[in-house]
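input-v6.txt, holding compact mmCIF, C-alpha atoms and all ligand atoms:
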```
# COMPACT_ATOMS: atom_id res chain seq x y z
CA MET A 822 5.55 -9.22 11.90
CA LYS A 823 6.96 -8.54 15.37
CA PRO A 824 4.16 -7.98 17.90
CA SER A 825 3.86 -4.94 20.18
CA ILE A 826 1.90 -4.20 23.34
CA ILE A 827 1.39 -0.99 25.32
CA VAL A 828 -0.63 -0.65 28.53
CA HIS A 829 -1.61 2.25 30.78
CA GLY A 830 -2.58 2.39 34.42
CA GLY A 831 -4.31 5.78 34.47
CA ALA A 832 -3.33 9.37 33.82
CA TRP A 833 -3.85 11.46 36.92
CA ASP A 834 -1.55 12.32 39.76
CA ILE A 835 0.17 9.33 41.28
CA PRO A 836 1.38 9.83 44.86
CA VAL A 837 5.09 9.17 45.34
CA GLU A 838 4.41 6.19 47.60
CA GLN A 839 2.32 4.50 44.86
CA VAL A 840 4.73 5.08 41.97
CA ASP A 841 6.58 1.77 42.26
CA ALA A 842 3.36 -0.26 42.50
CA HIS A 843 2.03 1.43 39.35
CA ILE A 844 5.21 0.78 37.38
CA LYS A 845 5.31 -2.81 38.61
CA GLY A 846 1.61 -3.39 37.80
CA CYS A 847 1.91 -1.97 34.29
CA GLY A 848 5.16 -3.86 33.67
CA HIS A 849 3.59 -7.15 34.78
CA ALA A 850 0.59 -6.61 32.49
CA ALA A 851 2.75 -5.75 29.46
CA GLN A 852 5.07 -8.69 30.13
CA THR A 853 2.16 -11.14 30.43
CA ALA A 854 0.67 -9.93 27.15
CA ASN A 855 4.02 -9.89 25.37
CA ASP A 856 4.76 -13.49 26.40
CA LEU A 857 1.45 -14.48 24.81
CA LEU A 858 2.06 -12.45 21.64
CA VAL A 859 5.52 -13.89 20.97
CA ARG A 860 4.01 -17.38 21.30
CA GLY A 861 1.52 -16.45 18.57
CA ALA A 862 -1.54 -15.34 20.56
CA SER A 863 -3.98 -12.90 18.99
CA ALA A 864 -4.01 -9.19 19.79
CA VAL A 865 -7.47 -9.68 21.36
CA ASP A 866 -6.07 -12.36 23.71
CA ALA A 867 -3.14 -10.08 24.56
CA VAL A 868 -5.16 -6.97 25.47
CA GLU A 869 -7.69 -9.05 27.42
CA SER A 870 -4.88 -10.67 29.47
CA ALA A 871 -3.08 -7.39 30.09
CA VAL A 872 -6.27 -5.73 31.31
CA MET A 873 -7.19 -8.73 33.49
CA VAL A 874 -3.78 -8.56 35.20
CA MET A 875 -4.48 -4.92 36.04
CA GLU A 876 -8.13 -5.57 37.04
CA ASP A 877 -6.79 -8.11 39.56
CA ASP A 878 -4.18 -5.65 40.90
CA PRO A 879 -5.82 -3.53 43.64
CA ILE A 880 -3.55 -0.55 42.98
CA PHE A 881 -5.64 0.26 39.87
CA ASP A 882 -9.20 1.61 39.60
CA ALA A 883 -10.54 -1.38 37.67
CA GLY A 884 -11.92 -4.72 38.86
CA ARG A 885 -10.62 -5.09 42.43
CA GLY A 886 -9.63 -1.59 43.59
CA SER A 887 -12.49 0.18 41.78
CA VAL A 888 -13.84 3.42 43.22
CA LEU A 889 -17.23 3.78 44.93
CA ASN A 890 -20.22 5.75 43.65
CA GLN A 891 -22.41 8.01 45.78
CA SER A 892 -24.45 5.00 46.94
CA GLY A 893 -21.31 3.19 48.12
CA GLN A 894 -21.38 0.72 45.20
CA VAL A 895 -18.73 -0.45 42.76
CA GLU A 896 -20.03 -0.03 39.20
CA MET A 897 -17.52 -0.85 36.46
CA ASP A 898 -17.22 -0.09 32.73
CA ALA A 899 -15.11 -2.00 30.17
CA ILE A 900 -14.66 -2.39 26.42
CA ILE A 901 -12.69 -4.59 24.06
CA MET A 902 -12.37 -4.00 20.30
CA GLU A 903 -10.98 -6.05 17.43
CA GLY A 904 -9.40 -4.13 14.55
CA SER A 905 -9.89 -6.77 11.86
CA THR A 906 -13.70 -6.75 12.04
CA LEU A 907 -14.34 -3.46 13.91
CA ARG A 908 -16.42 -5.50 16.34
CA SER A 909 -16.50 -4.39 19.96
CA GLY A 910 -18.06 -5.58 23.20
CA ALA A 911 -18.70 -3.36 26.21
CA VAL A 912 -20.28 -3.47 29.65
CA ALA A 913 -21.38 -0.44 31.63
CA ALA A 914 -22.24 0.02 35.32
CA LEU A 915 -21.56 -3.68 35.84
CA ARG A 916 -21.55 -4.91 39.46
CA HIS A 917 -20.28 -8.02 41.28
CA ILE A 918 -17.91 -9.34 38.58
CA LYS A 919 -14.13 -9.48 39.06
CA ASN A 920 -13.08 -9.14 35.41
CA PRO A 921 -15.45 -6.91 33.40
CA VAL A 922 -13.20 -7.04 30.31
CA LYS A 923 -13.81 -10.78 30.06
CA VAL A 924 -17.57 -10.22 30.02
CA ALA A 925 -17.11 -7.56 27.32
CA ARG A 926 -15.19 -10.09 25.19
CA ARG A 927 -17.88 -12.74 25.60
CA LEU A 928 -20.48 -10.21 24.50
CA MET A 929 -18.41 -9.31 21.43
CA GLU A 930 -17.76 -12.92 20.44
CA ASP A 931 -20.96 -14.72 21.47
CA THR A 932 -23.70 -12.25 20.56
CA GLN A 933 -24.83 -9.75 17.97
CA PHE A 934 -24.84 -6.97 20.61
CA SER A 935 -22.14 -4.45 21.47
CA MET A 936 -22.99 -3.05 24.89
CA LEU A 937 -24.89 -4.15 27.96
CA ALA A 938 -25.52 -2.07 31.09
CA GLY A 939 -26.39 -2.67 34.74
CA ASP A 940 -28.53 -5.67 35.66
CA GLY A 941 -28.63 -6.89 32.06
CA ALA A 942 -24.85 -7.01 31.93
CA LEU A 943 -24.69 -8.93 35.22
CA LYS A 944 -27.40 -11.37 34.08
CA PHE A 945 -25.49 -11.97 30.85
CA ALA A 946 -22.25 -12.61 32.76
CA LEU A 947 -23.93 -15.07 35.10
CA SER A 948 -25.56 -16.85 32.15
CA LYS A 949 -22.04 -17.32 30.69
CA GLY A 950 -20.76 -18.93 33.89
CA PHE A 951 -18.99 -15.96 35.48
CA ASP A 952 -18.89 -16.06 39.30
CA GLU A 953 -20.79 -13.39 41.19
CA CYS A 954 -18.55 -11.73 43.79
CA SER A 955 -19.45 -9.51 46.72
CA GLU A 956 -18.88 -5.74 46.91
CA GLU A 957 -16.21 -6.48 49.55
CA ASP A 958 -14.28 -8.66 47.06
CA LEU A 959 -13.81 -5.58 44.86
CA LEU A 960 -13.39 -2.99 47.58
CA VAL A 961 -10.06 -1.77 48.95
CA GLY A 962 -9.41 0.35 52.06
CA ARG A 963 -8.47 3.60 50.30
CA GLU A 964 -11.84 3.70 48.53
CA LEU A 965 -13.76 3.05 51.75
CA GLU A 966 -11.86 5.92 53.39
CA ASP A 967 -12.71 8.21 50.47
CA TYR A 968 -16.38 7.20 50.69
CA LYS A 969 -16.45 8.08 54.40
CA VAL A 970 -15.07 11.52 53.55
CA PHE A 971 -17.72 11.91 50.84
CA LEU A 972 -20.51 10.99 53.30
CA LYS A 973 -19.20 13.67 55.67
CA THR A 974 -18.52 16.45 53.17
CA GLY A 975 -20.71 15.66 50.13
CA VAL A 976 -17.96 17.16 47.97
CA LEU A 977 -17.81 15.97 44.35
CA GLN A 978 -14.70 15.79 42.22
CA THR A 979 -13.68 19.19 40.94
CA ARG A 980 -11.29 19.96 38.10
CA GLU A 981 -8.48 20.29 40.67
CA GLU A 982 -9.42 16.91 42.12
CA PHE A 983 -9.22 15.38 38.66
CA SER A 984 -5.71 16.64 38.07
CA GLY A 985 -4.49 16.10 41.62
CA HIS A 986 -5.76 12.66 42.64
CA PRO A 987 -4.98 9.15 41.52
CA LEU A 988 -7.65 7.52 39.37
CA ASP A 989 -6.25 4.54 37.68
CA THR A 990 -8.29 3.25 34.82
CA VAL A 991 -6.40 0.61 32.84
CA GLY A 992 -6.04 -0.04 29.12
CA ALA A 993 -4.03 -1.91 26.51
CA CYS A 994 -3.36 -1.80 22.75
CA ALA A 995 -1.63 -4.58 20.83
CA ILE A 996 -0.64 -5.79 17.39
CA ASP A 997 -0.05 -9.51 16.87
CA LYS A 998 2.19 -11.53 14.53
CA GLU A 999 -0.54 -11.53 11.88
CA GLY A 1000 -0.72 -7.73 11.96
CA HIS A 1001 -4.12 -7.64 13.66
CA LEU A 1002 -4.82 -4.87 16.16
CA ALA A 1003 -6.94 -4.79 19.31
CA CYS A 1004 -7.51 -2.59 22.34
CA ALA A 1005 -9.29 -2.78 25.69
CA THR A 1006 -10.09 -0.38 28.54
CA SER A 1007 -11.50 -1.12 32.01
CA THR A 1008 -12.41 1.15 34.92
CA GLY A 1009 -14.31 1.65 38.13
CA GLY A 1010 -14.92 5.16 36.80
CA ILE A 1011 -14.58 8.29 38.92
CA ARG A 1012 -14.97 8.57 42.69
CA ARG A 1013 -18.22 9.95 44.10
CA LYS A 1014 -20.03 9.54 40.77
CA LEU A 1015 -23.82 9.31 40.63
CA ALA A 1016 -25.11 5.75 40.74
CA GLY A 1017 -25.56 4.65 37.13
CA ARG A 1018 -23.02 7.14 35.75
CA VAL A 1019 -21.19 5.73 32.72
CA GLY A 1020 -17.94 7.35 31.56
CA ASP A 1021 -16.03 7.29 28.32
CA SER A 1022 -14.27 3.98 28.87
CA PRO A 1023 -16.92 1.56 27.48
CA ILE A 1024 -17.95 3.90 24.65
CA VAL A 1025 -16.54 2.87 21.31
CA GLY A 1026 -14.43 5.68 19.86
CA ALA A 1027 -14.17 7.51 23.19
CA GLY A 1028 -12.57 4.96 25.57
CA ALA A 1029 -11.01 2.78 22.86
CA TYR A 1030 -10.84 2.20 19.12
CA ALA A 1031 -9.02 -0.29 16.89
CA ASP A 1032 -8.85 -0.54 13.11
CA ASP A 1033 -6.38 -2.92 11.44
CA ALA A 1034 -5.91 -0.42 8.60
CA ILE A 1035 -4.72 2.34 10.97
CA GLY A 1036 -4.00 1.60 14.64
CA ALA A 1037 -5.43 1.03 18.11
CA ALA A 1038 -5.98 3.48 20.99
CA SER A 1039 -7.07 3.40 24.65
CA SER A 1040 -7.98 6.52 26.67
CA THR A 1041 -7.97 7.49 30.32
CA GLY A 1042 -8.91 10.63 32.18
CA TRP A 1043 -11.94 12.82 32.76
CA GLY A 1044 -14.66 10.79 31.07
CA GLU A 1045 -17.21 13.49 30.37
CA LYS A 1046 -14.58 15.55 28.53
CA ILE A 1047 -13.12 12.54 26.69
CA MET A 1048 -16.57 11.66 25.36
CA ALA A 1049 -17.02 15.21 24.07
CA VAL A 1050 -14.00 14.89 21.74
CA VAL A 1051 -14.34 11.13 21.07
CA LEU A 1052 -10.70 10.91 22.08
CA ALA A 1053 -9.63 7.45 20.86
CA LYS A 1054 -11.21 7.88 17.41
CA THR A 1055 -9.83 11.42 17.14
CA ALA A 1056 -6.34 9.96 17.65
CA ILE A 1057 -6.99 7.22 15.07
CA ASP A 1058 -8.16 9.84 12.57
CA LEU A 1059 -4.99 11.88 13.16
CA LEU A 1060 -2.93 8.76 12.48
CA LYS A 1061 -4.90 8.15 9.28
CA GLN A 1062 -4.20 11.71 8.17
CA GLY A 1063 -0.45 10.98 8.18
CA ASN A 1064 0.71 11.91 11.67
CA ASP A 1065 3.11 9.51 13.34
CA VAL A 1066 1.91 7.68 16.44
CA PHE A 1067 3.29 10.26 18.89
CA GLY A 1068 1.88 13.10 16.79
CA ALA A 1069 -1.55 11.44 16.85
CA CYS A 1070 -1.43 11.02 20.64
CA GLU A 1071 -0.31 14.61 21.16
CA GLY A 1072 -2.81 16.02 18.68
CA SER A 1073 -5.77 14.27 20.28
CA ILE A 1074 -4.78 15.34 23.81
CA ASP A 1075 -4.31 18.86 22.49
CA THR A 1076 -7.88 18.75 21.14
CA LEU A 1077 -9.10 17.51 24.55
CA ALA A 1078 -7.37 20.42 26.29
CA ARG A 1079 -8.22 23.11 23.74
CA ARG A 1080 -11.83 22.29 22.91
CA VAL A 1081 -13.22 21.24 26.30
CA ASP A 1082 -10.53 22.06 28.88
CA GLY A 1083 -10.25 18.31 29.50
CA LEU A 1084 -7.60 16.25 31.24
CA GLY A 1085 -6.48 12.81 30.19
CA GLY A 1086 -4.04 10.45 28.57
CA LEU A 1087 -3.88 8.10 25.63
CA ILE A 1088 -1.81 5.13 24.44
CA MET A 1089 -1.62 3.86 20.85
CA VAL A 1090 -0.11 1.22 18.59
CA ASP A 1091 -0.01 1.87 14.86
CA ARG A 1092 -0.31 -0.78 12.13
CA HIS A 1093 3.50 -0.99 11.92
CA GLY A 1094 3.78 -1.84 15.62
CA ARG A 1095 5.04 1.58 16.75
CA VAL A 1096 3.78 2.60 20.19
CA GLY A 1097 2.94 6.10 21.39
CA TYR A 1098 1.56 7.84 24.48
CA HIS A 1099 0.72 11.31 25.71
CA HIS A 1100 -1.15 13.01 28.58
CA ASN A 1101 -1.85 16.45 30.03
CA THR A 1102 -2.37 15.25 33.61
CA PRO A 1103 0.50 15.46 36.12
CA LYS A 1104 1.49 11.84 35.52
CA MET A 1105 0.62 8.71 33.52
CA ALA A 1106 1.65 5.10 34.25
CA TYR A 1107 2.49 2.97 31.22
CA ALA A 1108 4.56 0.04 30.01
CA TYR A 1109 5.29 -1.31 26.55
CA SER A 1110 7.17 -3.82 24.51
CA GLU A 1111 7.68 -2.48 20.99
CA GLY A 1112 8.33 -5.21 18.44
CA PRO A 1113 10.01 -3.20 15.65
CA SER A 1114 12.54 -1.46 17.95
CA GLY A 1115 12.86 -4.32 20.46
CA GLU A 1116 12.42 -1.75 23.24
CA ASN A 1117 10.74 -2.57 26.58
CA ARG A 1118 9.82 0.01 29.16
CA ALA A 1119 7.68 0.40 32.28
CA ALA A 1120 7.57 3.91 33.74
CA ILE A 1121 5.58 6.84 35.05
CA ARG A 1122 5.63 9.78 32.68
CA ARG A 1123 5.59 13.27 34.21
N1 LIG B 1 -12.11 7.79 32.10
C1 LIG B 1 -12.58 7.18 33.32
C2 LIG B 1 -13.98 7.68 33.59
O1 LIG B 1 -14.23 8.85 33.46
C3 LIG B 1 -11.72 7.47 34.49
C4 LIG B 1 -10.23 7.26 34.29
O2 LIG B 1 -9.76 7.13 33.17
O3 LIG B 1 -9.49 7.23 35.29
O4 LIG B 1 -14.78 6.88 33.97
```
How does this structure look as structure tokens?
Ligand code: ASP
Amino acid sequence: MKPSIIVHGGAWDIPVEQVDAHIKGCGHAAQTANDLLVRGASAVDAVESAVMVMEDDPIFDAGRGSVLNQSGQVEMDAIIMEGSTLRSGAVAALRHIKNPVKVARRLMEDTQFSMLAGDGALKFALSKGFDECSEEDLLVGRELEDYKVFLKTGVLQTREEFSGHPLDTVGACAIDKEGHLACATSTGGIRRKLAGRVGDSPIVGAGAYADDAIGAASSTGWGEKIMAVVLAKTAIDLLKQGNDVFGACEGSIDTLARRVDGLGGLIMVDRHGRVGYHHNTPKMAYAYSEGPSGENRAAIRR
């Protein structure tokens, strides 16, 4: 079958001056993954590559560019999931590694475990040959500025902050030529979080879910609310119940808004290669290449 890929670069507000960089970053990630897929790569390879491109791009809150916690540290969460086996690998509150999604994949493929947190996750990465990087390697100026403001004011993110500020978790969903599905999500989490806070992103069913029989989904937004409605799995269940891919995205975001007053966004690919997306934040950055329709797009949705 014809492969498809969709990626997101967060669903919050995106300041006008950052719009182009978000579209470009998402477009580059989708293009990289699509090039792999058309050459016969697996969906797992495709979502890992797309997410790595965005982890390396400092415009996004993942890998380099991640936000700082209340102790001035970068702690990152990531997950990858394979729809053929329902296996997943995840890391939480991981420090000093440039590409958390790669560590998550090694965990999924090399071990019997599904999630590692903190020091254990770092030790595992180092044991697999990953390079340890410094905090400065991951830190960008805008996050340092925000941290200075936090030290002065002590103000945490409010609901208004969530809807009005850029927070750019990244994610990808793909289907390959064999019809296998995969998804991945990676984030620095939310600004000014408590040290050790883990959001929805690395939690299977909340931050991502993939099942070859149905579809694949990746979430972004206010993690505590997304966890409450298990957003990615809720969308997959809606797809299974007969909704089309856009209906499933809209229905799950509607549940997020209605049940817990949450804010967020979601991307999906169904088992036929149709892509979908929806959000209730001011904007969401995304890009896709949809095999069945031959359509390619990189945009910010308002
Ligand atoms: N969901 C992420 C978290 O709460 C943040 C985001 O998607 O921007 O950690």
_Between atom CA of A:Gly1083 and atom CA of A:Ala1053, distance in Å (one decimal)_ = 13.9 Å
*Name the residues, by chain letter and number, that sit within 8 Å of ligand LIG 1 (chain B) using all atoms listed in the file, and give them as a list in words.*
Gly831, Ala832, Trp833, Asp882, Asp898, Pro987, Leu988, Asp989, Thr990, Val991, Thr1008, Gly1009, Gly1010, Ile1011, Val1019, Gly1020, Asp1021, Ser1022, Gly1028, Ser1040, Thr1041, Gly1042, Trp1043, Gly1044, Glu1045, Ile1047 and Gly1085 of chain A
_Distance in Å - atom CA of A:Cys994 versus atom CA of A:Val868_ =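 Here the two named atoms are 6.1 Å from each other.
In terms of minimum interatomic distance to A:Asp967, A:Asn890 ranks closest within A:Ser905, A:Asn890, A:Ser1114, A:Ser863, counting all atoms listed in the file.
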*asked:* What's the separation between atom CA of A:Tyr1109 and atom CA of A:Leu907, in Å to one decimal place?
replied: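 A separation of 23.4 Å between them.
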